[in-house]
Structures are given as structure tokens and as C-alpha cells.
$ cat coords.txt   # compact mmCIF, C-alpha atoms and all ligand atoms
# COMPACT_ATOMS: atom_id res chain seq x y z
CA MET P 1 -82.31 -120.20 -99.34
CA GLU P 2 -81.68 -117.36 -101.78
CA SER P 3 -80.42 -118.02 -105.28
CA CYS P 4 -78.62 -115.99 -107.96
CA ASP P 5 -77.00 -116.52 -111.36
CA ALA P 6 -73.54 -115.66 -110.02
CA LEU P 7 -72.04 -114.85 -106.64
CA ILE P 8 -68.95 -112.65 -106.50
CA VAL P 9 -66.83 -112.77 -103.36
CA GLY P 10 -65.15 -109.36 -102.99
CA GLY P 11 -66.37 -105.92 -104.00
CA GLY P 12 -63.05 -104.31 -105.03
CA PRO P 13 -62.43 -103.21 -108.64
CA ALA P 14 -62.20 -106.79 -109.93
CA GLY P 15 -65.48 -107.89 -108.38
CA SER P 16 -67.44 -104.72 -109.14
CA SER P 17 -66.28 -104.62 -112.80
CA CYS P 18 -67.33 -108.21 -113.30
CA ALA P 19 -70.66 -107.58 -111.56
CA TRP P 20 -71.30 -104.43 -113.63
CA GLU P 21 -70.76 -106.25 -116.91
CA LEU P 22 -72.88 -109.27 -115.92
CA ARG P 23 -75.69 -107.02 -114.68
CA ARG P 24 -75.62 -105.02 -117.92
CA HIS P 25 -76.44 -108.30 -119.66
CA GLY P 26 -79.32 -109.10 -117.36
CA MET P 27 -77.75 -111.61 -114.98
CA ASP P 28 -78.83 -111.70 -111.36
CA VAL P 29 -75.61 -111.11 -109.41
CA ILE P 30 -74.82 -110.93 -105.70
CA VAL P 31 -71.59 -109.34 -104.48
CA MET P 32 -70.57 -110.43 -100.99
CA ASP P 33 -67.85 -108.56 -99.10
CA LYS P 34 -66.59 -108.94 -95.56
CA ALA P 35 -66.30 -105.14 -95.28
CA SER P 36 -69.07 -102.60 -95.21
CA PHE P 37 -68.60 -99.93 -97.88
CA PRO P 38 -67.22 -97.36 -98.26
CA ARG P 39 -64.07 -98.98 -96.90
CA ASP P 40 -60.39 -98.11 -96.94
CA LYS P 41 -58.02 -100.12 -99.10
CA VAL P 42 -54.24 -99.98 -98.79
CA CYS P 43 -53.29 -98.45 -102.15
CA ALA P 44 -51.53 -95.43 -103.64
CA GLY P 45 -54.73 -94.76 -105.59
CA TRP P 46 -53.28 -94.12 -109.01
CA ILE P 47 -55.12 -95.21 -112.17
CA THR P 48 -54.33 -94.85 -115.87
CA PRO P 49 -56.73 -93.54 -118.56
CA ALA P 50 -57.13 -97.16 -119.74
CA VAL P 51 -58.94 -97.90 -116.47
CA VAL P 52 -61.21 -94.88 -116.91
CA GLN P 53 -62.02 -96.04 -120.44
CA ALA P 54 -62.61 -99.69 -119.59
CA LEU P 55 -64.95 -98.65 -116.79
CA GLN P 56 -66.64 -96.05 -119.00
CA LEU P 57 -66.21 -93.53 -116.23
CA ASP P 58 -67.37 -90.04 -117.02
CA ALA P 59 -64.35 -88.34 -115.47
CA LYS P 60 -65.99 -84.91 -115.29
CA ALA P 61 -69.12 -86.21 -113.60
CA TYR P 62 -67.07 -88.37 -111.21
CA ALA P 63 -64.84 -85.42 -110.30
CA ARG P 64 -67.85 -83.32 -109.30
CA GLN P 65 -68.39 -85.49 -106.22
CA HIS P 66 -65.12 -87.36 -105.74
CA LEU P 67 -61.43 -86.68 -105.70
CA LEU P 68 -59.93 -87.08 -109.18
CA GLN P 69 -56.43 -85.66 -109.40
CA PRO P 70 -55.10 -85.27 -112.97
CA ILE P 71 -51.42 -86.19 -113.44
CA THR P 72 -49.31 -84.51 -116.12
CA ALA P 73 -45.75 -85.14 -114.89
CA PHE P 74 -43.59 -87.42 -112.72
CA ARG P 75 -40.57 -86.76 -110.55
CA THR P 76 -38.35 -89.85 -110.46
CA GLY P 77 -34.96 -91.06 -109.31
CA LEU P 78 -33.14 -93.34 -106.91
CA ILE P 79 -33.60 -92.83 -103.17
CA ASP P 80 -30.66 -90.56 -102.22
CA GLY P 81 -29.88 -89.97 -105.90
CA SER P 82 -30.54 -87.16 -108.33
CA GLU P 83 -34.07 -86.41 -109.51
CA LEU P 84 -35.66 -85.92 -112.92
CA GLU P 85 -38.97 -84.37 -113.92
CA THR P 86 -40.78 -85.71 -116.98
CA HIS P 87 -43.66 -83.63 -118.32
CA TYR P 88 -46.50 -84.60 -120.65
CA PRO P 89 -48.68 -82.27 -122.71
CA ASP P 90 -51.91 -83.93 -121.49
CA THR P 91 -53.27 -85.83 -118.52
CA VAL P 92 -51.60 -89.26 -118.45
CA SER P 93 -53.07 -90.63 -115.23
CA PHE P 94 -55.32 -89.86 -112.31
CA GLY P 95 -55.18 -90.02 -108.54
CA ILE P 96 -58.25 -91.35 -106.77
CA ARG P 97 -59.16 -92.36 -103.22
CA ARG P 98 -59.99 -96.06 -103.03
CA TYR P 99 -62.42 -95.23 -100.22
CA GLU P 100 -64.48 -93.38 -102.82
CA LEU P 101 -63.82 -95.16 -106.11
CA ASP P 102 -64.47 -98.70 -104.87
CA ASP P 103 -67.76 -97.68 -103.28
CA TYR P 104 -68.82 -95.78 -106.41
CA LEU P 105 -68.09 -98.76 -108.67
CA LEU P 106 -69.79 -101.23 -106.38
CA GLN P 107 -72.97 -99.17 -106.11
CA ARG P 108 -72.95 -98.51 -109.84
CA SER P 109 -72.67 -102.22 -110.65
CA GLY P 110 -76.36 -102.73 -109.91
CA ALA P 111 -75.64 -106.05 -108.18
CA ARG P 112 -77.39 -107.12 -105.01
CA LEU P 113 -74.97 -106.39 -102.18
CA LEU P 114 -74.29 -108.51 -99.12
CA LEU P 115 -71.86 -106.35 -97.19
CA ALA P 116 -70.15 -106.95 -93.84
CA GLN P 117 -70.50 -110.67 -94.62
CA PRO P 118 -67.35 -112.76 -94.97
CA LEU P 119 -67.41 -115.96 -96.95
CA GLU P 120 -67.57 -118.63 -94.27
CA SER P 121 -68.47 -121.82 -96.07
CA LEU P 122 -68.60 -123.12 -99.60
CA ARG P 123 -69.78 -126.54 -100.66
CA ARG P 124 -70.94 -128.27 -103.81
CA ASP P 125 -74.47 -129.61 -104.09
CA GLY P 126 -74.93 -131.16 -107.54
CA LYS P 127 -74.30 -128.35 -110.05
CA GLN P 128 -74.85 -125.64 -107.44
CA TRP P 129 -72.56 -123.98 -104.92
CA ILE P 130 -73.98 -123.42 -101.46
CA VAL P 131 -72.44 -120.31 -99.92
CA ASN P 132 -72.62 -119.68 -96.16
CA GLU P 133 -75.63 -122.07 -96.16
CA LEU P 134 -77.58 -119.02 -97.39
CA ILE P 135 -77.16 -118.73 -101.13
CA SER P 136 -77.37 -121.25 -103.93
CA THR P 137 -75.63 -120.40 -107.22
CA PRO P 138 -74.11 -122.24 -110.20
CA LEU P 139 -71.15 -119.84 -110.38
CA VAL P 140 -68.77 -118.38 -107.78
CA ILE P 141 -66.26 -115.69 -108.76
CA GLY P 142 -63.35 -115.18 -106.39
CA ALA P 143 -62.53 -111.45 -106.24
CA GLY P 144 -61.43 -111.32 -102.62
CA GLY P 145 -57.94 -109.93 -103.20
CA HIS P 146 -54.66 -111.64 -102.33
CA PHE P 147 -56.12 -113.67 -99.44
CA CYS P 148 -59.31 -114.56 -101.31
CA PRO P 149 -61.03 -117.53 -99.66
CA VAL P 150 -62.17 -118.82 -103.08
CA ALA P 151 -58.52 -118.94 -104.18
CA ARG P 152 -57.76 -120.91 -101.03
CA PHE P 153 -60.65 -123.25 -101.81
CA MET P 154 -59.10 -123.79 -105.25
CA GLY P 155 -55.78 -124.80 -103.70
CA ALA P 156 -53.76 -121.57 -103.49
CA LYS P 157 -51.28 -121.59 -100.63
CA LEU P 158 -52.15 -118.15 -99.33
CA GLY P 159 -49.27 -116.49 -97.53
CA ALA P 160 -46.96 -119.49 -97.97
CA GLY P 161 -44.86 -120.63 -100.89
CA GLU P 162 -45.87 -117.63 -102.99
CA PRO P 163 -43.32 -114.82 -103.38
CA ALA P 164 -45.64 -111.87 -102.76
CA VAL P 165 -44.76 -108.19 -102.89
CA ALA P 166 -45.17 -106.45 -99.57
CA ALA P 167 -46.11 -102.79 -99.38
CA LYS P 168 -46.94 -100.23 -96.72
CA GLU P 169 -48.60 -96.90 -97.11
CA ILE P 170 -50.30 -94.06 -95.36
CA GLU P 171 -52.97 -91.72 -96.72
CA PHE P 172 -54.06 -88.74 -94.67
CA GLU P 173 -55.69 -85.36 -95.04
CA MET P 174 -53.11 -82.66 -94.49
CA SER P 175 -53.69 -79.80 -92.08
CA PRO P 176 -53.20 -76.27 -93.50
CA ALA P 177 -49.69 -76.20 -91.96
CA GLN P 178 -48.82 -79.56 -93.50
CA ARG P 179 -50.12 -78.37 -96.88
CA ASP P 180 -47.81 -75.36 -96.70
CA ALA P 181 -44.84 -77.59 -95.82
CA CYS P 182 -45.55 -80.11 -98.60
CA ARG P 183 -43.64 -79.45 -101.82
CA VAL P 184 -45.04 -82.44 -103.69
CA ARG P 185 -47.46 -81.19 -106.37
CA GLY P 186 -50.73 -82.94 -107.11
CA ASP P 187 -50.06 -83.17 -110.83
CA THR P 188 -46.54 -84.59 -110.30
CA PRO P 189 -46.33 -87.79 -108.23
CA GLU P 190 -42.84 -88.66 -107.04
CA LEU P 191 -41.37 -92.15 -107.50
CA TYR P 192 -38.02 -93.21 -106.06
CA PHE P 193 -36.45 -96.63 -106.56
CA CYS P 194 -34.60 -98.45 -103.80
CA LYS P 195 -30.89 -98.69 -104.52
CA ASP P 196 -31.02 -102.48 -104.77
CA LEU P 197 -33.94 -102.13 -107.22
CA GLN P 198 -36.08 -104.56 -105.24
CA GLY P 199 -38.80 -101.98 -104.87
CA TYR P 200 -39.74 -98.32 -104.93
CA GLY P 201 -41.34 -95.65 -102.83
CA TRP P 202 -43.92 -93.09 -103.88
CA CYS P 203 -45.21 -89.81 -102.66
CA PHE P 204 -48.49 -88.74 -104.13
CA ARG P 205 -50.51 -85.64 -103.34
CA LYS P 206 -54.19 -85.83 -104.22
CA GLY P 207 -56.00 -82.62 -103.43
CA ASN P 208 -55.51 -82.15 -99.70
CA TYR P 209 -54.55 -85.80 -99.21
CA LEU P 210 -51.02 -87.11 -99.12
CA ASN P 211 -50.22 -90.76 -99.84
CA ILE P 212 -46.73 -92.08 -99.06
CA GLY P 213 -45.68 -95.69 -99.37
CA LEU P 214 -43.09 -98.22 -100.37
CA GLY P 215 -43.34 -101.70 -101.88
CA ARG P 216 -40.64 -104.37 -102.02
CA GLU P 217 -40.16 -107.90 -103.19
CA ASP P 218 -38.50 -108.88 -99.87
CA ASN P 219 -40.75 -108.00 -96.96
CA HIS P 220 -38.20 -108.39 -94.14
CA LEU P 221 -36.52 -105.11 -95.16
CA LEU P 222 -39.77 -103.25 -95.70
CA SER P 223 -40.13 -101.31 -92.45
CA GLY P 224 -36.49 -100.19 -92.39
CA GLN P 225 -36.58 -99.10 -96.03
CA LEU P 226 -39.85 -97.26 -95.51
CA LYS P 227 -38.41 -95.29 -92.60
CA TYR P 228 -35.31 -94.53 -94.65
CA PHE P 229 -37.50 -93.35 -97.53
CA CYS P 230 -39.60 -91.05 -95.32
CA ASP P 231 -36.43 -89.57 -93.80
CA PHE P 232 -35.08 -89.01 -97.32
CA LEU P 233 -38.28 -87.17 -98.36
CA LYS P 234 -38.15 -85.04 -95.22
CA GLN P 235 -34.46 -84.20 -95.69
CA ARG P 236 -35.17 -83.09 -99.24
CA GLY P 237 -38.00 -80.94 -97.91
CA ARG P 238 -40.62 -82.72 -100.01
CA ILE P 239 -43.06 -83.60 -97.22
CA PRO P 240 -44.09 -82.23 -93.81
CA GLN P 241 -41.96 -83.33 -90.84
CA ASP P 242 -44.95 -84.45 -88.75
CA LEU P 243 -46.32 -87.53 -90.52
CA PRO P 244 -48.99 -89.57 -88.75
CA ASP P 245 -47.67 -92.90 -87.60
CA GLN P 246 -50.31 -95.29 -88.96
CA PHE P 247 -48.77 -96.98 -91.98
CA HIS P 248 -50.82 -99.94 -93.20
CA GLY P 249 -49.37 -102.98 -94.93
CA HIS P 250 -50.64 -105.43 -97.49
CA ALA P 251 -49.20 -108.15 -99.74
CA TYR P 252 -50.07 -109.17 -103.27
CA LEU P 253 -48.78 -111.27 -106.12
CA LEU P 254 -47.17 -109.99 -109.27
CA TYR P 255 -48.20 -111.71 -112.47
CA GLY P 256 -45.89 -114.59 -113.19
CA HIS P 257 -44.29 -114.73 -109.74
CA ALA P 258 -46.58 -117.52 -108.66
CA VAL P 259 -49.19 -119.34 -110.64
CA ARG P 260 -52.63 -119.74 -109.17
CA LYS P 261 -55.27 -121.88 -110.79
CA HIS P 262 -57.61 -119.35 -112.43
CA LEU P 263 -60.70 -121.47 -112.96
CA ASP P 264 -62.46 -124.71 -112.24
CA ASP P 265 -65.96 -126.16 -112.56
CA GLY P 266 -68.31 -123.29 -111.71
CA MET P 267 -65.49 -121.09 -110.43
CA LEU P 268 -63.24 -118.26 -111.61
CA LEU P 269 -60.68 -116.00 -109.97
CA VAL P 270 -60.22 -112.33 -110.93
CA GLY P 271 -57.89 -109.49 -109.88
CA ASP P 272 -55.46 -109.97 -107.00
CA ALA P 273 -57.15 -113.26 -106.14
CA ALA P 274 -55.73 -114.54 -109.44
CA GLY P 275 -52.34 -112.80 -108.90
CA LEU P 276 -52.48 -110.45 -111.88
CA ALA P 277 -50.71 -107.20 -110.90
CA TYR P 278 -48.21 -105.98 -113.49
CA PRO P 279 -44.76 -107.33 -112.52
CA GLN P 280 -42.69 -104.23 -113.24
CA ILE P 281 -44.35 -101.81 -110.83
CA GLY P 282 -47.21 -103.63 -109.12
CA GLU P 283 -50.11 -101.78 -110.78
CA GLY P 284 -53.09 -103.94 -109.93
CA ILE P 285 -56.26 -101.93 -110.54
CA ARG P 286 -56.06 -102.15 -114.31
CA PRO P 287 -55.55 -105.95 -114.39
CA ALA P 288 -58.30 -106.27 -111.76
CA VAL P 289 -60.79 -104.35 -113.89
CA GLU P 290 -59.73 -106.02 -117.12
CA SER P 291 -59.85 -109.54 -115.68
CA GLY P 292 -63.30 -108.78 -114.23
CA LEU P 293 -64.50 -107.79 -117.71
CA MET P 294 -62.81 -110.76 -119.38
CA ALA P 295 -64.33 -113.17 -116.88
CA ALA P 296 -67.74 -111.63 -117.54
CA ALA P 297 -67.30 -112.01 -121.31
CA THR P 298 -66.49 -115.71 -120.86
CA ILE P 299 -69.40 -116.24 -118.48
CA LEU P 300 -71.87 -114.58 -120.84
CA LYS P 301 -70.70 -116.80 -123.70
CA ALA P 302 -70.97 -119.95 -121.59
CA ARG P 303 -74.73 -119.34 -121.31
CA GLY P 304 -75.26 -121.11 -118.04
CA ASP P 305 -72.98 -124.09 -118.73
CA TYR P 306 -70.12 -123.42 -116.30
CA ARG P 307 -68.19 -126.65 -116.63
CA ARG P 308 -64.42 -126.08 -116.57
CA GLU P 309 -64.04 -126.58 -120.32
CA LYS P 310 -66.60 -123.86 -121.00
CA LEU P 311 -64.67 -121.43 -118.80
CA LEU P 312 -61.27 -122.16 -120.35
CA PRO P 313 -61.53 -119.19 -122.78
CA TYR P 314 -61.03 -116.98 -119.71
CA ALA P 315 -57.55 -118.49 -119.22
CA SER P 316 -56.77 -117.88 -122.90
CA ARG P 317 -57.95 -114.27 -122.63
CA LEU P 318 -55.59 -113.73 -119.68
CA VAL P 319 -52.66 -115.08 -121.68
CA VAL P 320 -53.48 -112.93 -124.70
CA ARG P 321 -53.76 -109.85 -122.49
CA PHE P 322 -50.97 -110.37 -119.95
CA GLY P 323 -48.70 -112.96 -121.58
CA HIS P 324 -47.73 -116.41 -120.36
CA SER P 325 -47.58 -116.10 -116.61
CA ALA P 326 -44.44 -118.20 -116.11
CA ALA P 327 -42.40 -116.03 -118.46
CA SER P 328 -43.58 -112.49 -117.94
CA GLY P 329 -42.83 -111.95 -114.27
CA SER P 330 -39.33 -113.27 -114.20
CA ALA P 331 -38.42 -111.30 -117.31
CA GLY P 332 -39.60 -108.04 -115.78
CA SER P 333 -38.01 -108.31 -112.39
CA THR P 334 -34.74 -109.85 -113.54
CA PHE P 335 -34.41 -107.05 -116.00
CA LEU P 336 -35.18 -104.50 -113.33
CA ARG P 337 -32.58 -105.92 -110.99
CA THR P 338 -29.85 -106.05 -113.59
CA LEU P 339 -30.23 -102.46 -114.64
CA VAL P 340 -27.32 -100.21 -114.10
CA ALA P 341 -29.53 -98.31 -111.75
CA GLY P 342 -28.09 -94.87 -111.28
CA LYS P 343 -27.11 -94.40 -114.91
CA LEU P 344 -30.37 -95.49 -116.47
CA LEU P 345 -32.61 -93.69 -114.00
CA SER P 346 -30.77 -90.48 -114.65
CA SER P 347 -31.33 -90.86 -118.40
CA LYS P 348 -34.24 -88.69 -119.57
CA TRP P 349 -34.93 -90.97 -122.53
CA PHE P 350 -34.96 -94.18 -120.47
CA THR P 351 -37.10 -92.63 -117.75
CA ARG P 352 -39.73 -91.33 -120.17
CA HIS P 353 -39.92 -94.20 -122.64
CA VAL P 354 -39.23 -97.24 -120.48
CA VAL P 355 -39.85 -96.47 -116.80
CA LEU P 356 -42.87 -94.19 -117.27
CA ASP P 357 -44.48 -94.95 -120.64
CA ARG P 358 -43.90 -98.69 -120.60
CA TRP P 359 -43.86 -99.74 -116.95
CA PHE P 360 -46.03 -97.17 -115.22
CA LEU P 361 -48.42 -96.05 -117.93
CA HIS P 362 -48.56 -99.12 -120.21
CA THR P 363 -49.16 -96.78 -123.12
CA HIS P 364 -48.32 -99.61 -125.54
CA GLN P 365 -51.45 -101.51 -124.49
CA GLU P 366 -54.83 -100.22 -125.67
CA ALA P 367 -57.70 -100.00 -123.21
CA LEU P 368 -59.86 -103.09 -122.98
CA TYR P 369 -63.49 -102.62 -123.75
CA ALA P 370 -66.31 -104.63 -122.26
CA ALA P 371 -67.69 -107.37 -124.49
CA GLY P 372 -71.03 -105.66 -124.85
CA ASP P 373 -69.64 -102.46 -126.41
C1 LIG F 1 -49.57 -100.31 -100.79
C2 LIG F 1 -50.21 -100.64 -102.12
C3 LIG F 1 -50.31 -99.65 -103.09
C4 LIG F 1 -50.92 -99.93 -104.33
N1 LIG F 1 -51.05 -98.92 -105.22
C5 LIG F 1 -51.66 -99.15 -106.42
C6 LIG F 1 -51.89 -98.09 -107.34
O1 LIG F 1 -51.60 -96.93 -107.07
N2 LIG F 1 -52.46 -98.39 -108.54
C7 LIG F 1 -52.81 -99.67 -108.87
O2 LIG F 1 -53.30 -99.90 -109.98
N3 LIG F 1 -52.64 -100.71 -107.99
C8 LIG F 1 -52.10 -100.47 -106.78
N4 LIG F 1 -51.98 -101.48 -105.86
C9 LIG F 1 -52.55 -102.78 -106.17
C10 LIG F 1 -54.07 -102.73 -106.05
O3 LIG F 1 -54.43 -102.16 -104.80
C11 LIG F 1 -54.71 -104.13 -106.16
O4 LIG F 1 -54.11 -104.81 -107.24
C12 LIG F 1 -56.22 -104.02 -106.40
O5 LIG F 1 -56.84 -103.49 -105.25
C13 LIG F 1 -56.82 -105.39 -106.71
O6 LIG F 1 -58.22 -105.28 -106.76
P1 LIG F 1 -59.15 -106.54 -106.37
O7 LIG F 1 -60.54 -106.12 -106.65
O8 LIG F 1 -58.61 -107.76 -107.01
O9 LIG F 1 -58.93 -106.76 -104.81
P2 LIG F 1 -59.21 -105.79 -103.57
O10 LIG F 1 -59.24 -104.39 -104.00
O11 LIG F 1 -58.23 -106.21 -102.53
O12 LIG F 1 -60.68 -106.17 -103.10
C14 LIG F 1 -60.94 -107.41 -102.47
C15 LIG F 1 -62.22 -107.32 -101.67
O13 LIG F 1 -62.50 -108.63 -101.17
C16 LIG F 1 -63.00 -108.53 -99.86
N5 LIG F 1 -62.74 -109.79 -99.15
C17 LIG F 1 -61.55 -110.30 -98.76
N6 LIG F 1 -61.72 -111.46 -98.10
C18 LIG F 1 -63.06 -111.70 -98.07
C19 LIG F 1 -63.86 -112.72 -97.52
N7 LIG F 1 -63.33 -113.74 -96.81
N8 LIG F 1 -65.22 -112.66 -97.69
C20 LIG F 1 -65.77 -111.62 -98.39
N9 LIG F 1 -65.04 -110.60 -98.89
C21 LIG F 1 -63.71 -110.64 -98.76
C22 LIG F 1 -62.23 -107.35 -99.27
O14 LIG F 1 -62.93 -106.76 -98.17
C23 LIG F 1 -62.11 -106.40 -100.47
O15 LIG F 1 -63.16 -105.44 -100.48
C24 LIG F 1 -51.40 -101.23 -104.61
C25 LIG F 1 -51.29 -102.22 -103.64
C26 LIG F 1 -50.72 -101.94 -102.40
C27 LIG F 1 -50.63 -103.01 -101.36
$ encode --input "coords.txt" --output "C-alpha cells"
Amino acid sequence: MESCDALIVGGGPAGSSCAWELRRHGMDVIVMDKASFPRDKVCAGWITPAVVQALQLDAKAYARQHLLQPITAFRTGLIDGSELETHYPDTVSFGIRRYELDDYLLQRSGARLLLAQPLESLRRDGKQWIVNELISTPLVIGAGGHFCPVARFMGAKLGAGEPAVAAKEIEFEMSPAQRDACRVRGDTPELYFCKDLQGYGWCFRKGNYLNIGLGREDNHLLSGQLKYFCDFLKQRGRIPQDLPDQFHGHAYLLYGHAVRKHLDDGMLLVGDAAGLAYPQIGEGIRPAVESGLMAAATILKARGDYRREKLLPYASRLVVRFGHSAASGSAGSTFLRTLVAGKLLSSKWFTRHVVLDRWFLHTHQEALYAAGD
């Protein structure tokens, strides 16, 4: 049987950030993922500068070999309503392809990788966890996304009793004819809210790639609203008429909409597994990265004693960073729903300072730095 200091289940941004930080402090870490990398992930692929900073990404070096689309403006409005453009003097965000970024971060983490291997069994043997009857470790970190098997092991009712956001998207490389027909600019993603304010659609051009999607709090209306949104974009002449037909769906929790247990003896959950996406707009990469780093900081301080009480500082760090989970989510979405939609979204001031700066860019929250820096 192999052994390691920590086993991370899931190699997305939460798992790879945690692994990177633990490895930088000399721990022997294995990351297990059911997929082989690089792999696709259903996502618009938009990250803020805070993510770049927390990950200490050298944007110029990354951009030499990967797609990194700078964003300097947004086009926003209600579906079927009027549109506004908000411009910034500098780059305020980036577009990436998850196929590339997740693989880059995982390889960079320096962890031992067990890919194309799903978590199949988990049992306690004294102070150790035995994983898949193959690996013995004192610490298991659940980073397996919304349906993380470690979260299930800790009692989460995956897919039932948790009000998840459902989203569908497509990302494809445009042909030369589609590129000519596409009026969405790479530096100006387009965001359009549903009229009932239960979700929004986006249209995001990244180099030659186009990403179109829609997320909603009620999934039974998702397909109809997505079709309506695509028709709206076509009617306005924003996108090519001939979209491929392979939209992919995924669900995830917004912070505060359902409370999952975040830790236990020898166990922690990070990223979507812990249900941490920002409630206002569903940004999940930043909380995934930050929770991975905060979990690592707690683990390093615990110095091999992973009893629940030694891991509790992780829960406190989450509260300090994201607020009390019971309060934050309901405040955000109730507020969103009670907006006088058309009026506020046509206000330049409200769009820039509240919708974009506060909800989408989180400019009020400084980047989180890893404990070792
Ligand atoms: C349509 C859509 C668009 C989005 N757009 C954005 C966006 O533009 N910006 C943003 O910040 N957030 C966005 N999000 C949210 C974001 O994608 C997630 O919050 C983020 O991916 C969470 O990262 P993670 O590492 O926690 O989980 P994931 O990225 O989901 O990674 C989990 C990993 O665990 C692995 N895994 C799962 N089960 C097992 C198992 N049984 N055994 C082993 N491995 C397993 C998976 O293969 C996967 O590699 C979007 C979400 C959706 C659905």
C-alpha cells in the first residue's frame, strides 16, 4: 500500500491550489481525479485578477502558451432590454480555457498525480484513511466539485435537498465564417439577466473560441430560457446563426444556499465540494482557489495532528473571508430578485459600481495570498 501526507480528491482549481501550497511546504501530496487531464470543465472560463495574484500566475508567461483573453469592458442588460457598455482603463479580468488552465495548475502543483482514477472506497483504519484499498493517509481533502464523493461521505445530500444553481454552456472554436459573423468582442464579454432575475446568460469570446451559457436558480426552466437567450443573441446579430448543438450542463451550490459540513477528523472540503461559489453571480474559481489555500494554511499549522478541533481554524477562515454562510446567500439573491430590474440595469452608475465592480469583479475584496508568502 502506498502512503502520503495528504490525499486530495479532485484536481480542479480547489484541489490543485491546495496541493501546490502543501507541496511548497514539503508535504507529500497525491491528487486523485476520475478524469485524465487535460479535461473539459463546464465553465464560462472567466477569472479576476485576484485569482491570478493568489495563484502567483505570471500572466505574460502563461499567455505565451495558453489562451489568456484580457477584459477591459462589459456589455450588460436584460434579455430583450436595452444594453449598456461599461469601459475600464485597465484589464479588469481575463478569459481562460478550463481545458488549459486546470491542467497547467495541476501539473505545476508538483503533487503526485493519480488520474483517470475515481474515488471508489474510503474507510478509517485507526488514525489513517484507506483510499481505494491502495493508499493510506492521515488526511483526505475533498475537492471533487459539487458531487464530490468526500462531501457525500461527510453527509452531504448530493443532488437532493440542496437548492443548487443549474447552468448550461457551450464552448467551441469558431470557423472563419463564424468569426466574421460574431460581433461579440474578446475584450467585452456580454452579460444579460433573465427578466425574472433568477439567472443570467453570458456570451464570451476568447480568441477564436466562443462561450455561450446561462445559469438559473430554478433548473426546470433552464433549457427553455437558454434557447430564448440564444435566439435573442442571434436576433441582435451578436453571434453566428449556426451554433453547434452540444450544450453541457452542470449544477453547483452558491455560498449560503445550503450548508455543507466543511471539516471533520482528518477531512476537509474545498471549492464547489464545500459549496462556496459567490451567491450573486456564481463565480466559483476564486472561492475554489482561496479555500484551497486557506485549507492548506490550516493543515500546515496543524503539523500532522488532524483531529477536528485542530482543523476548526479552516471554518473560521471561511467565515472571515466569505461571511456567515446562512446569512450571505439569502441576502444576495433576495436583493437581486427584488431589484426593479429594468430601471437599475439601465443605470450606468448601478451597473458599474454594483453589478460589475461589486458582484462580478469583487473589487472590494483584496486578493488572498498563500500563507507562505
Ligand atoms: C456553466 C458554468 C459556468 C461557470 N463559469 C464560471 C466562470 O466563468 N468563472 C468562475 O469563477 N466560476 C465559474 N463557474 C463555477 C466554477 O466552474 C466552479 O466553481 C469551479 O470549477 C470549482 O472548482 P473546484 O476545483 O471546486 O471543482 P471542479 O473544477 O469541478 O473540479 C472537481 C474535480 O473533481 C473530479 N472528481 C469528481 N468526482 C470525482 C471522483 N469521484 N473521484 C475523483 N475525482 C473526482 C472532477 O473530475 C474534477 O476534475 C461556472 C460553473 C458553471 C456550471
$ closest_residue --input "coords.txt" --among "P:Ile79, P:Ala61, P:Ala367, P:Ile96" --to "P:Phe193" --atoms "all atoms listed in the file"
P:Ile79
$ axis_aligned_box --input "coords.txt" --around "stretch 148-157 of chain P" --padding-each-side "4 Å" --output "lines of an AutoDock Vina configuration file"
center_x = -56.7
center_y = -119.7
center_z = -102.5
size_x = 18.9
size_y = 18.2
size_z = 13.6
$ closest_residue --input "coords.txt" --among "P:Lys343, P:His324, P:Arg307, P:His66" --to "P:His257" --atoms "all atoms listed in the file"
P:His324
$ residues_around --input "coords.txt" --residues "P:Leu269" --least-positions-apart "4" --cutoff "7 Å" --atoms "all atoms listed in the file" --output "PDB file with C-alpha atoms, in the coordinates of the input"
ATOM      1  CA  ILE P 141     -66.260-115.690-108.760  1.00  0.00           C
ATOM      2  CA  GLY P 142     -63.350-115.180-106.390  1.00  0.00           C
ATOM      3  CA  ALA P 143     -62.530-111.450-106.240  1.00  0.00           C
ATOM      4  CA  ALA P 151     -58.520-118.940-104.180  1.00  0.00           C
ATOM      5  CA  HIS P 262     -57.610-119.350-112.430  1.00  0.00           C
ATOM      6  CA  LEU P 263     -60.700-121.470-112.960  1.00  0.00           C
ATOM      7  CA  ALA P 273     -57.150-113.260-106.140  1.00  0.00           C
ATOM      8  CA  ALA P 274     -55.730-114.540-109.440  1.00  0.00           C
TER       9      ALA P 274
END
$ atom_distance --input "coords.txt" --atom1 "atom CA of P:Val150" --atom2 "atom CA of P:Asp305"
19.7 Å
$ closest_residue --input "coords.txt" --among "P:Ser36, P:Thr298, P:Gln241, P:Thr137" --to "ligand LIG 1 (chain F)" --atoms "only C-alpha atoms and all ligand atoms"
P:Ser36
$ residues_near_ligand --input "coords.txt" --ligand "ligand LIG 1 (chain F)" --cutoff "7 Å" --atoms "only C-alpha atoms and all ligand atoms" --output "PyMOL selection string"
chain P and resi 9-15+32-35+41-47+117-120+143-149+166-169+213-215+249-252+270-273+277+282-286+288
$ residues_around --input "coords.txt" --residues "P:Gln365" --least-positions-apart "3" --cutoff "12 Å" --atoms "all atoms listed in the file" --output "PyMOL selection string"
chain P and resi 48-51+286-287+290+320-322+357-362+368
$ atom_distance --input "coords.txt" --atom1 "atom CA of P:Asp231" --atom2 "atom CA of P:Asp80"
10.3 Å
$ build_atoms --input "coords.txt" --residues "stretch 302-310 of chain P" --atoms "N, CA, C and O atoms" --output "tab-separated table (two decimals), in the coordinates of the input"
chain	number	residue	atom	x	y	z
P	302	ALA	N	-70.74	-118.56	-122.05
P	302	ALA	CA	-70.97	-119.95	-121.59
P	302	ALA	C	-72.47	-120.24	-121.42
P	302	ALA	O	-72.87	-121.40	-121.33
P	303	ARG	N	-73.27	-119.21	-121.36
P	303	ARG	CA	-74.73	-119.34	-121.31
P	303	ARG	C	-75.23	-120.38	-120.31
P	303	ARG	O	-75.96	-121.31	-120.63
P	304	GLY	N	-74.73	-120.26	-119.11
P	304	GLY	CA	-75.26	-121.11	-118.04
P	304	GLY	C	-74.58	-122.46	-117.89
P	304	GLY	O	-74.82	-123.18	-116.93
P	305	ASP	N	-73.71	-122.82	-118.84
P	305	ASP	CA	-72.98	-124.09	-118.73
P	305	ASP	C	-71.57	-123.74	-118.22
P	305	ASP	O	-70.70	-123.35	-118.99
P	306	TYR	N	-71.37	-123.89	-116.90
P	306	TYR	CA	-70.12	-123.42	-116.30
P	306	TYR	C	-69.14	-124.54	-115.98
P	306	TYR	O	-68.34	-124.44	-115.06
P	307	ARG	N	-69.21	-125.63	-116.81
P	307	ARG	CA	-68.19	-126.65	-116.63
P	307	ARG	C	-66.83	-126.05	-116.99
P	307	ARG	O	-66.75	-125.13	-117.81
P	308	ARG	N	-65.78	-126.62	-116.39
P	308	ARG	CA	-64.42	-126.08	-116.57
P	308	ARG	C	-64.09	-125.80	-118.04
P	308	ARG	O	-63.57	-124.75	-118.38
P	309	GLU	N	-64.43	-126.76	-118.91
P	309	GLU	CA	-64.04	-126.58	-120.32
P	309	GLU	C	-64.72	-125.38	-120.96
P	309	GLU	O	-64.19	-124.75	-121.87
P	310	LYS	N	-65.90	-125.03	-120.45
P	310	LYS	CA	-66.60	-123.86	-121.00
P	310	LYS	C	-66.00	-122.54	-120.48
P	310	LYS	O	-66.22	-121.49	-121.06
